[in-house]
Structures are given as structure tokens and as C-alpha cells.
file query_23.pdb (PDB, C-alpha atoms and all ligand atoms)
ATOM      1  CA  MET S 224     157.184 165.827 164.784  1.00  0.00           C
ATOM      2  CA  LYS S 225     153.697 167.154 165.459  1.00  0.00           C
ATOM      3  CA  ALA S 226     151.855 163.860 165.435  1.00  0.00           C
ATOM      4  CA  LEU S 227     152.665 160.344 166.592  1.00  0.00           C
ATOM      5  CA  ILE S 228     150.445 157.740 164.949  1.00  0.00           C
ATOM      6  CA  PHE S 229     150.188 154.162 166.151  1.00  0.00           C
ATOM      7  CA  ASP S 230     148.997 151.123 164.289  1.00  0.00           C
ATOM      8  CA  CYS S 231     146.923 148.986 166.690  1.00  0.00           C
ATOM      9  CA  ASP S 232     147.429 145.245 166.223  1.00  0.00           C
ATOM     10  CA  GLY S 233     151.012 144.214 166.848  1.00  0.00           C
ATOM     11  CA  VAL S 234     152.022 147.710 167.951  1.00  0.00           C
ATOM     12  CA  LEU S 235     149.871 148.607 170.967  1.00  0.00           C
ATOM     13  CA  VAL S 236     149.388 144.969 171.871  1.00  0.00           C
ATOM     14  CA  ASP S 237     150.555 141.659 170.409  1.00  0.00           C
ATOM     15  CA  THR S 238     147.048 140.781 169.353  1.00  0.00           C
ATOM     16  CA  GLU S 239     147.616 138.604 166.357  1.00  0.00           C
ATOM     17  CA  ARG S 240     148.863 135.314 167.771  1.00  0.00           C
ATOM     18  CA  ASP S 241     147.086 135.241 171.115  1.00  0.00           C
ATOM     19  CA  GLY S 242     144.084 137.464 170.422  1.00  0.00           C
ATOM     20  CA  HIS S 243     142.816 137.440 166.846  1.00  0.00           C
ATOM     21  CA  ARG S 244     144.005 133.925 165.978  1.00  0.00           C
ATOM     22  CA  VAL S 245     142.386 132.457 169.087  1.00  0.00           C
ATOM     23  CA  ALA S 246     139.154 134.383 168.412  1.00  0.00           C
ATOM     24  CA  PHE S 247     139.006 133.155 164.791  1.00  0.00           C
ATOM     25  CA  ASN S 248     139.418 129.560 166.010  1.00  0.00           C
ATOM     26  CA  ARG S 249     136.707 129.975 168.665  1.00  0.00           C
ATOM     27  CA  ALA S 250     134.366 131.432 166.012  1.00  0.00           C
ATOM     28  CA  PHE S 251     135.058 128.511 163.643  1.00  0.00           C
ATOM     29  CA  SER S 252     134.403 126.061 166.455  1.00  0.00           C
ATOM     30  CA  GLN S 253     131.153 127.772 167.529  1.00  0.00           C
ATOM     31  CA  GLN S 254     130.040 127.694 163.902  1.00  0.00           C
ATOM     32  CA  GLY S 255     130.656 123.935 163.841  1.00  0.00           C
ATOM     33  CA  LEU S 256     133.531 124.217 161.352  1.00  0.00           C
ATOM     34  CA  LYS S 257     136.486 121.871 161.528  1.00  0.00           C
ATOM     35  CA  VAL S 258     138.954 124.672 160.899  1.00  0.00           C
ATOM     36  CA  GLU S 259     141.849 125.507 163.182  1.00  0.00           C
ATOM     37  CA  TRP S 260     144.419 128.139 162.300  1.00  0.00           C
ATOM     38  CA  SER S 261     147.759 127.108 163.770  1.00  0.00           C
ATOM     39  CA  VAL S 262     150.346 129.660 164.877  1.00  0.00           C
ATOM     40  CA  GLU S 263     152.326 128.900 161.717  1.00  0.00           C
ATOM     41  CA  LEU S 264     149.383 129.010 159.263  1.00  0.00           C
ATOM     42  CA  TYR S 265     148.141 132.249 160.798  1.00  0.00           C
ATOM     43  CA  GLY S 266     151.579 133.746 160.172  1.00  0.00           C
ATOM     44  CA  ASP S 267     151.073 133.102 156.433  1.00  0.00           C
ATOM     45  CA  LEU S 268     147.485 134.399 156.470  1.00  0.00           C
ATOM     46  CA  LEU S 269     148.632 137.711 157.950  1.00  0.00           C
ATOM     47  CA  ALA S 270     149.831 138.679 154.471  1.00  0.00           C
ATOM     48  CA  ILE S 271     146.121 139.445 153.878  1.00  0.00           C
ATOM     49  CA  SER S 272     145.002 142.622 155.661  1.00  0.00           C
ATOM     50  CA  GLY S 273     141.554 142.590 157.274  1.00  0.00           C
ATOM     51  CA  GLY S 274     139.757 139.708 158.982  1.00  0.00           C
ATOM     52  CA  LYS S 275     136.939 139.313 156.460  1.00  0.00           C
ATOM     53  CA  GLU S 276     139.418 139.334 153.576  1.00  0.00           C
ATOM     54  CA  ARG S 277     141.634 136.845 155.443  1.00  0.00           C
ATOM     55  CA  MET S 278     138.800 134.325 155.934  1.00  0.00           C
ATOM     56  CA  ARG S 279     137.634 134.706 152.339  1.00  0.00           C
ATOM     57  CA  HIS S 280     141.187 134.127 151.109  1.00  0.00           C
ATOM     58  CA  TYR S 281     141.448 130.991 153.270  1.00  0.00           C
ATOM     59  CA  PHE S 282     138.116 129.498 152.146  1.00  0.00           C
ATOM     60  CA  GLU S 283     138.775 130.299 148.501  1.00  0.00           C
ATOM     61  CA  ARG S 284     141.983 128.278 148.641  1.00  0.00           C
ATOM     62  CA  ARG S 285     140.972 125.483 151.035  1.00  0.00           C
ATOM     63  CA  GLY S 286     137.354 125.201 149.938  1.00  0.00           C
ATOM     64  CA  TRP S 287     134.167 126.714 151.343  1.00  0.00           C
ATOM     65  CA  PRO S 288     132.317 124.757 154.058  1.00  0.00           C
ATOM     66  CA  SER S 289     129.558 122.517 152.731  1.00  0.00           C
ATOM     67  CA  GLY S 290     126.211 124.263 152.861  1.00  0.00           C
ATOM     68  CA  VAL S 291     127.641 127.680 152.029  1.00  0.00           C
ATOM     69  CA  VAL S 292     126.328 128.430 148.540  1.00  0.00           C
ATOM     70  CA  GLU S 293     128.111 130.940 146.333  1.00  0.00           C
ATOM     71  CA  GLU S 294     125.446 133.650 146.802  1.00  0.00           C
ATOM     72  CA  GLY S 295     125.642 133.144 150.550  1.00  0.00           C
ATOM     73  CA  ARG S 296     129.369 133.623 150.928  1.00  0.00           C
ATOM     74  CA  ASP S 297     129.285 137.331 151.687  1.00  0.00           C
ATOM     75  CA  ALA S 298     126.698 136.866 154.440  1.00  0.00           C
ATOM     76  CA  PHE S 299     128.559 133.835 155.806  1.00  0.00           C
ATOM     77  CA  ILE S 300     131.813 135.796 156.079  1.00  0.00           C
ATOM     78  CA  ARG S 301     130.016 138.797 157.572  1.00  0.00           C
ATOM     79  CA  GLU S 302     128.321 136.707 160.279  1.00  0.00           C
ATOM     80  CA  LEU S 303     131.431 134.696 161.075  1.00  0.00           C
ATOM     81  CA  HIS S 304     133.448 137.883 161.348  1.00  0.00           C
ATOM     82  CA  ALA S 305     130.904 139.497 163.666  1.00  0.00           C
ATOM     83  CA  ARG S 306     131.066 136.411 165.894  1.00  0.00           C
ATOM     84  CA  LYS S 307     134.868 136.447 165.822  1.00  0.00           C
ATOM     85  CA  THR S 308     134.883 140.136 166.729  1.00  0.00           C
ATOM     86  CA  ASP S 309     132.666 139.497 169.774  1.00  0.00           C
ATOM     87  CA  LEU S 310     134.989 136.698 170.892  1.00  0.00           C
ATOM     88  CA  PHE S 311     138.024 138.905 170.383  1.00  0.00           C
ATOM     89  CA  MET S 312     136.385 141.686 172.403  1.00  0.00           C
ATOM     90  CA  ARG S 313     135.879 139.259 175.256  1.00  0.00           C
ATOM     91  CA  ILE S 314     139.580 138.400 175.191  1.00  0.00           C
ATOM     92  CA  ILE S 315     140.537 142.101 175.286  1.00  0.00           C
ATOM     93  CA  ASP S 316     137.898 142.925 177.889  1.00  0.00           C
ATOM     94  CA  SER S 317     139.219 140.171 180.149  1.00  0.00           C
ATOM     95  CA  GLY S 318     142.534 142.022 180.260  1.00  0.00           C
ATOM     96  CA  GLU S 319     144.528 138.902 179.448  1.00  0.00           C
ATOM     97  CA  LEU S 320     146.543 140.680 176.743  1.00  0.00           C
ATOM     98  CA  PRO S 321     148.887 143.425 178.028  1.00  0.00           C
ATOM     99  CA  LEU S 322     150.127 146.568 176.266  1.00  0.00           C
ATOM    100  CA  ARG S 323     153.494 146.107 174.582  1.00  0.00           C
ATOM    101  CA  SER S 324     156.382 147.455 176.616  1.00  0.00           C
ATOM    102  CA  GLY S 325     157.122 151.148 176.235  1.00  0.00           C
ATOM    103  CA  VAL S 326     153.786 152.091 174.661  1.00  0.00           C
ATOM    104  CA  ALA S 327     152.293 153.713 177.789  1.00  0.00           C
ATOM    105  CA  ARG S 328     155.588 155.483 178.515  1.00  0.00           C
ATOM    106  CA  ILE S 329     155.892 156.969 174.999  1.00  0.00           C
ATOM    107  CA  VAL S 330     152.205 157.985 174.963  1.00  0.00           C
ATOM    108  CA  ASP S 331     152.696 159.770 178.299  1.00  0.00           C
ATOM    109  CA  GLU S 332     155.823 161.529 177.023  1.00  0.00           C
ATOM    110  CA  ALA S 333     153.968 162.597 173.867  1.00  0.00           C
ATOM    111  CA  ILE S 334     151.075 163.986 175.917  1.00  0.00           C
ATOM    112  CA  GLY S 335     153.576 165.900 178.060  1.00  0.00           C
ATOM    113  CA  ALA S 336     155.306 167.283 174.957  1.00  0.00           C
ATOM    114  CA  GLY S 337     152.061 168.381 173.285  1.00  0.00           C
ATOM    115  CA  VAL S 338     152.461 165.950 170.384  1.00  0.00           C
ATOM    116  CA  GLN S 339     149.135 164.941 168.804  1.00  0.00           C
ATOM    117  CA  LEU S 340     148.272 161.260 169.089  1.00  0.00           C
ATOM    118  CA  ALA S 341     146.308 159.010 166.759  1.00  0.00           C
ATOM    119  CA  VAL S 342     145.634 155.363 166.019  1.00  0.00           C
ATOM    120  CA  CYS S 343     145.267 154.179 162.419  1.00  0.00           C
ATOM    121  CA  SER S 344     144.216 150.590 161.950  1.00  0.00           C
ATOM    122  CA  THR S 345     142.399 148.676 159.263  1.00  0.00           C
ATOM    123  CA  SER S 346     141.049 146.264 161.900  1.00  0.00           C
ATOM    124  CA  ASN S 347     137.467 146.313 163.162  1.00  0.00           C
ATOM    125  CA  GLU S 348     136.495 149.659 164.674  1.00  0.00           C
ATOM    126  CA  ARG S 349     134.872 148.195 167.795  1.00  0.00           C
ATOM    127  CA  SER S 350     137.906 146.126 168.708  1.00  0.00           C
ATOM    128  CA  VAL S 351     140.366 148.955 168.056  1.00  0.00           C
ATOM    129  CA  ASN S 352     138.355 151.291 170.278  1.00  0.00           C
ATOM    130  CA  LEU S 353     138.133 148.680 173.024  1.00  0.00           C
ATOM    131  CA  ILE S 354     141.891 147.995 172.916  1.00  0.00           C
ATOM    132  CA  VAL S 355     142.670 151.695 173.202  1.00  0.00           C
ATOM    133  CA  GLU S 356     140.140 152.398 175.959  1.00  0.00           C
ATOM    134  CA  LYS S 357     140.745 149.239 177.956  1.00  0.00           C
ATOM    135  CA  LEU S 358     144.525 149.053 177.734  1.00  0.00           C
ATOM    136  CA  LEU S 359     145.562 152.714 177.584  1.00  0.00           C
ATOM    137  CA  GLY S 360     142.887 153.852 180.028  1.00  0.00           C
ATOM    138  CA  PRO S 361     140.511 156.841 179.944  1.00  0.00           C
ATOM    139  CA  HIS S 362     143.094 159.578 180.580  1.00  0.00           C
ATOM    140  CA  ARG S 363     145.404 158.602 177.737  1.00  0.00           C
ATOM    141  CA  THR S 364     142.485 157.781 175.430  1.00  0.00           C
ATOM    142  CA  ALA S 365     141.088 161.284 175.960  1.00  0.00           C
ATOM    143  CA  ASN S 366     144.375 162.657 174.635  1.00  0.00           C
ATOM    144  CA  PHE S 367     144.081 160.862 171.293  1.00  0.00           C
ATOM    145  CA  SER S 368     142.902 163.280 168.610  1.00  0.00           C
ATOM    146  CA  GLU S 369     141.855 160.560 166.181  1.00  0.00           C
ATOM    147  CA  ILE S 370     141.180 156.838 166.373  1.00  0.00           C
ATOM    148  CA  LEU S 371     140.641 155.717 162.780  1.00  0.00           C
ATOM    149  CA  ALA S 372     139.738 152.122 162.125  1.00  0.00           C
ATOM    150  CA  GLY S 373     138.037 149.509 160.011  1.00  0.00           C
ATOM    151  CA  ASP S 374     135.860 150.549 157.118  1.00  0.00           C
ATOM    152  CA  ILE S 375     136.490 154.279 157.516  1.00  0.00           C
ATOM    153  CA  VAL S 376     138.626 153.996 154.384  1.00  0.00           C
ATOM    154  CA  GLN S 377     137.957 152.043 151.215  1.00  0.00           C
ATOM    155  CA  HIS S 378     141.460 150.707 150.708  1.00  0.00           C
ATOM    156  CA  LYS S 379     143.283 148.878 153.465  1.00  0.00           C
ATOM    157  CA  LYS S 380     147.034 149.002 154.090  1.00  0.00           C
ATOM    158  CA  PRO S 381     149.421 148.911 152.209  1.00  0.00           C
ATOM    159  CA  ASP S 382     147.307 151.617 150.572  1.00  0.00           C
ATOM    160  CA  PRO S 383     148.138 154.953 152.266  1.00  0.00           C
ATOM    161  CA  GLU S 384     144.478 156.056 152.411  1.00  0.00           C
ATOM    162  CA  ILE S 385     144.123 155.753 156.206  1.00  0.00           C
ATOM    163  CA  TYR S 386     147.310 157.756 156.824  1.00  0.00           C
ATOM    164  CA  ASN S 387     146.305 160.418 154.325  1.00  0.00           C
ATOM    165  CA  LEU S 388     142.969 160.693 156.129  1.00  0.00           C
ATOM    166  CA  ALA S 389     144.745 160.978 159.503  1.00  0.00           C
ATOM    167  CA  ARG S 390     146.976 163.777 158.197  1.00  0.00           C
ATOM    168  CA  GLU S 391     143.931 165.701 156.966  1.00  0.00           C
ATOM    169  CA  ARG S 392     142.018 165.189 160.221  1.00  0.00           C
ATOM    170  CA  LEU S 393     145.023 166.151 162.375  1.00  0.00           C
ATOM    171  CA  GLY S 394     145.755 169.193 160.225  1.00  0.00           C
ATOM    172  CA  VAL S 395     149.462 168.445 159.895  1.00  0.00           C
ATOM    173  CA  SER S 396     151.755 167.754 156.972  1.00  0.00           C
ATOM    174  CA  ALA S 397     153.012 164.254 156.258  1.00  0.00           C
ATOM    175  CA  GLN S 398     156.584 165.128 157.158  1.00  0.00           C
ATOM    176  CA  ASP S 399     155.444 166.130 160.653  1.00  0.00           C
ATOM    177  CA  CYS S 400     154.045 162.661 161.313  1.00  0.00           C
ATOM    178  CA  VAL S 401     155.857 159.647 162.739  1.00  0.00           C
ATOM    179  CA  VAL S 402     154.072 156.319 162.375  1.00  0.00           C
ATOM    180  CA  VAL S 403     154.729 153.225 164.505  1.00  0.00           C
ATOM    181  CA  GLU S 404     154.026 150.027 162.600  1.00  0.00           C
ATOM    182  CA  ASP S 405     154.842 146.355 163.120  1.00  0.00           C
ATOM    183  CA  ASN S 406     154.621 144.851 159.647  1.00  0.00           C
ATOM    184  CA  ARG S 407     155.482 145.445 156.024  1.00  0.00           C
ATOM    185  CA  ASN S 408     151.975 146.342 154.814  1.00  0.00           C
ATOM    186  CA  GLY S 409     151.764 149.031 157.472  1.00  0.00           C
ATOM    187  CA  LEU S 410     155.245 150.301 156.712  1.00  0.00           C
ATOM    188  CA  LEU S 411     154.436 150.604 153.004  1.00  0.00           C
ATOM    189  CA  ALA S 412     151.213 152.476 153.804  1.00  0.00           C
ATOM    190  CA  ALA S 413     153.039 154.974 156.018  1.00  0.00           C
ATOM    191  CA  LYS S 414     155.852 155.546 153.528  1.00  0.00           C
ATOM    192  CA  ALA S 415     153.400 155.907 150.618  1.00  0.00           C
ATOM    193  CA  ALA S 416     151.740 158.666 152.666  1.00  0.00           C
ATOM    194  CA  GLY S 417     155.115 160.402 152.906  1.00  0.00           C
ATOM    195  CA  MET S 418     155.496 159.842 156.648  1.00  0.00           C
ATOM    196  CA  THR S 419     158.408 158.778 158.826  1.00  0.00           C
ATOM    197  CA  CYS S 420     158.010 155.178 159.967  1.00  0.00           C
ATOM    198  CA  LEU S 421     159.393 153.456 163.040  1.00  0.00           C
ATOM    199  CA  VAL S 422     158.915 149.686 163.096  1.00  0.00           C
ATOM    200  CA  THR S 423     158.527 147.734 166.333  1.00  0.00           C
ATOM    201  CA  THR S 424     158.705 144.146 165.146  1.00  0.00           C
ATOM    202  CA  SER S 425     156.340 141.486 166.481  1.00  0.00           C
ATOM    203  CA  ALA S 426     156.710 137.716 166.597  1.00  0.00           C
ATOM    204  CA  TYR S 427     155.093 137.346 163.174  1.00  0.00           C
ATOM    205  CA  SER S 428     156.841 140.218 161.445  1.00  0.00           C
ATOM    206  CA  ALA S 429     160.451 139.965 162.638  1.00  0.00           C
ATOM    207  CA  GLU S 430     161.608 138.337 159.386  1.00  0.00           C
ATOM    208  CA  GLU S 431     159.875 140.786 157.032  1.00  0.00           C
ATOM    209  CA  ASP S 432     161.701 143.265 154.808  1.00  0.00           C
ATOM    210  CA  PHE S 433     161.787 146.651 156.537  1.00  0.00           C
ATOM    211  CA  SER S 434     164.384 148.285 154.295  1.00  0.00           C
ATOM    212  CA  GLU S 435     162.162 151.352 153.725  1.00  0.00           C
ATOM    213  CA  ALA S 436     161.786 151.968 157.475  1.00  0.00           C
ATOM    214  CA  ASP S 437     163.409 154.959 159.153  1.00  0.00           C
ATOM    215  CA  HIS S 438     164.219 152.816 162.175  1.00  0.00           C
ATOM    216  CA  VAL S 439     163.530 149.264 163.363  1.00  0.00           C
ATOM    217  CA  VAL S 440     163.489 148.062 166.985  1.00  0.00           C
ATOM    218  CA  ALA S 441     162.128 144.954 168.699  1.00  0.00           C
ATOM    219  CA  GLU S 442     160.282 147.028 171.334  1.00  0.00           C
ATOM    220  CA  LEU S 443     159.821 150.632 172.404  1.00  0.00           C
ATOM    221  CA  GLY S 444     160.813 149.128 175.735  1.00  0.00           C
ATOM    222  CA  ASP S 445     160.726 150.259 179.337  1.00  0.00           C
ATOM    223  CA  PRO S 446     163.617 150.841 181.745  1.00  0.00           C
ATOM    224  CA  PRO S 447     165.843 149.153 182.714  1.00  0.00           C
ATOM    225  CA  ASP S 448     165.772 147.322 179.376  1.00  0.00           C
ATOM    226  CA  ALA S 449     166.767 148.884 176.066  1.00  0.00           C
ATOM    227  CA  MET S 450     164.312 151.615 175.155  1.00  0.00           C
ATOM    228  CA  LEU S 451     163.620 154.396 172.720  1.00  0.00           C
ATOM    229  CA  THR S 452     162.890 157.869 174.107  1.00  0.00           C
ATOM    230  CA  LEU S 453     160.411 160.328 172.620  1.00  0.00           C
ATOM    231  CA  SER S 454     163.367 162.585 171.689  1.00  0.00           C
ATOM    232  CA  GLU S 455     164.924 159.778 169.701  1.00  0.00           C
ATOM    233  CA  ILE S 456     161.619 159.191 167.925  1.00  0.00           C
ATOM    234  CA  VAL S 457     161.351 162.921 167.157  1.00  0.00           C
ATOM    235  CA  CYS S 458     164.827 162.724 165.638  1.00  0.00           C
ATOM    236  CA  LEU S 459     163.698 160.151 163.092  1.00  0.00           C
ATOM    237  CA  SER S 460     161.608 162.814 161.322  1.00  0.00           C
ATOM    238  CA  PRO S 461     162.646 165.931 159.374  1.00  0.00           C
ATOM    239  CA  PRO S 462     164.297 168.348 159.913  1.00  0.00           C
ATOM    240  CA  CYS S 463     166.164 166.527 162.688  1.00  0.00           C
ATOM    241  CA  SER S 464     166.755 163.430 160.537  1.00  0.00           C
ATOM    242  CA  GLY S 465     168.191 165.613 157.772  1.00  0.00           C
ATOM    243  CA  ARG S 466     170.585 167.321 160.197  1.00  0.00           C
ATOM    244  CA  LYS S 467     171.688 163.971 161.518  1.00  0.00           C
ATOM    245  CA  ALA S 468     172.267 162.703 157.988  1.00  0.00           C
ATOM    246  CA  ASN S 469     174.339 165.761 157.151  1.00  0.00           C
ATOM    247  CA  GLY S 470     176.224 165.518 160.388  1.00  0.00           C
ATOM    248  CA  THR S 471     175.607 169.173 161.145  1.00  0.00           C
ATOM    249  CA  GLY S 472     172.985 168.974 163.873  1.00  0.00           C
ATOM    250  CA  ASN S 473     172.499 167.608 167.326  1.00  0.00           C
ATOM    251  CA  ASN S 474     170.383 164.796 168.532  1.00  0.00           C
ATOM    252  CA  GLN S 475     167.924 166.827 170.576  1.00  0.00           C
TER     253      GLN S 475
HETATM  254 MG    MG S 501     149.891 145.809 162.805  1.00  0.00          MG
END
call {"tool": "encode", "arguments": {"input": "query_23.pdb", "output": "C-alpha cells", "more": "lines below"}}
Ligand SMILES: [Mg+2]
result
Amino acid sequence: MKALIFDCDGVLVDTERDGHRVAFNRAFSQQGLKVEWSVELYGDLLAISGGKERMRHYFERRGWPSGVVEEGRDAFIRELHARKTDLFMRIIDSGELPLRSGVARIVDEAIGAGVQLAVCSTSNERSVNLIVEKLLGPHRTANFSEILAGDIVQHKKPDPEIYNLARERLGVSAQDCVVVEDNRNGLLAAKAAGMTCLVTTSAYSAEEDFSEADHVVAELGDPPDAMLTLSEIVCLSPPCSGRKANGTGNNQ
């Protein structure tokens, strides 16, 4: 493993339920809309990647607010999403959402081992950068080779485009990359890029089908609770994984 690549939402921090969902609802309220995404409804909406796409999907099924003409829909979504992003940034900036357990520990181990680090997310670039800088801190952030986010690619996950771009930018082959994802769309993107994928499930994704994953855990975890070490993560990728499968190698 030469590169360890993290998804952002749901992997670095459990942003969906208590961050993004709350920010969407605050944006709807500020806009004077009588729309409230419950914890359960938001779980269904997460099948749509990307905040703008998610709102459009919702309004197309539940009806557009009165006063939003067809030609104005793009601008309406764009403005609402910008407002939501600002509100989300305030939630992150306030520090009320913590890193998921084990993330800082694994990042530190990877830095110590000379493994390249990257973040690949199809969420808004400003919020991804703020999460990384605010929650991982300046030292760890400086050790990330690439933070790819938002509209840097044309096709969002499950398309592998963002992972293919990361591989090119990092100058490594796909089989030298291990991706940490929390949901099925992300898993499919990583596997379609030919990479090893470790899934850390989140509240919304625990019931999804992860049969293509190389490994699934609830958390990376920190001592004294159950945890995954960097060596164990390395052993998910070739050639270590092949040796394990053949029963002829050691778990390093
Ligand atoms: Mg995610």
C-alpha cells in the first residue's frame, strides 16, 4: 500500500445525520420553505450523491416550491445549496462534530510509515477542506498529498472518476491504493477504479450491501476498544492479501 485514501462524509466524521441534514433543514427554513428532512427521510435521500442533485431529486418528486418557475430551478438549487453550505461550514467550524474514532490514529501511523494520504469526496470543496483542516489540524493536513472534492470531476460516485484522478495525481497504481469508504456508492467507485476498499459503516449505511468490500468494520477505533492497525489495513491490499488468501504469507 503506497496510498491511503479517505472519503470525507461518513468516514472522517459522521456528517450526514447531524451536519448536512441539519444544514439542509436550516437552509430550507431560512428560505421560508416548509420542508424538513427527518432522520429517516434523509437516509433514503442519501442514495443520491451530491447535495444539489439530492435537493433536485426531492423537489422533482415532492413538487417544486410555488414561485420557482421551471427556468429558475437551476438558480434556485444553486442558491439554496450555497446557503446550505455556509450553514454546514458554521456547524463544522463550531467544532460540534468530532472526528470518527481511529481516524487521527491511522493518519498518524500512515504519516509515520511514509504512506501517501488523500481525501476523495464528491461533496462541496469548501466544506471538505474545512473538515480536513479543522478536524485533522494543520500538521496532519500538511501531510495530505491531495484533497479532491466537489466538481473537480464530472461524474460523482459510484463512477470511479475521482479515484482514477487521485491515482494519477498521486503517481501510484490502483493496486497500491487502499480506500476507506462508508457507503455503497463509494465502495463501488473504489472497486471500479481497481482499488482495495475498507468500509467503516456509519449509522445510515450499516444495512447496505458491502459484498464487494475487502473488509468491513464499524469503526477504525481507538484503544482500548476494538481497532484496526495500519498493518492490518496494509494487509488488505496486494500482494499481502494474495499471500493471505494462499495461506503462504504472514500478516506483517
Ligand atoms: Mg461517505
call {"tool": "residues_around", "arguments": {"input": "query_23.pdb", "residues": "S:Ala226", "least_positions_apart": "3", "cutoff": "7 Å", "atoms": "all atoms listed in the file", "output": "MDAnalysis selection string"}}
result
chainID S and resid 338:340 399:401
call {"tool": "resolve_selection", "arguments": {"input": "query_23.pdb", "expression": "the PyMOL selection byres (((chain S and resi 429-431) around 9) and not hetatm)", "output": "list in words"}}
result
Asp405, Asn406, Arg407, Thr423, Thr424, Ser425, Ala426, Tyr427, Ser428, Asp432, Phe433 and Ala441 of chain S
call {"tool": "resolve_selection", "arguments": {"input": "query_23.pdb", "expression": "the PyMOL selection byres (((chain S and resi 277) around 12) and not hetatm)", "output": "list of chain:residue names"}}
result
S:His243, S:Arg244, S:Phe247, S:Trp260, S:Leu264, S:Tyr265, S:Gly266, S:Asp267, S:Leu268, S:Leu269, S:Ala270, S:Ile271, S:Ser272, S:Gly273, S:Gly274, S:Lys275, S:Glu276, S:Met278, S:Arg279, S:His280, S:Tyr281, S:Phe282, S:Glu283, S:Arg284, S:Ile300, S:Arg301, S:Leu303, S:His304, S:Ser346
call {"tool": "residues_near_ligand", "arguments": {"input": "query_23.pdb", "ligand": "ligand MG 501 (chain S)", "cutoff": "6 Å", "atoms": "only C-alpha atoms and all ligand atoms", "output": "list in words"}}
result
Asp230, Cys231, Asp232, Gly233, Val234, Glu404, Asp405 and Asn406 of chain S
call {"tool": "atom_distance", "arguments": {"input": "query_23.pdb", "atom1": "atom CA of S:Phe311", "atom2": "atom CA of S:Val351"}}
result
10.6 Å
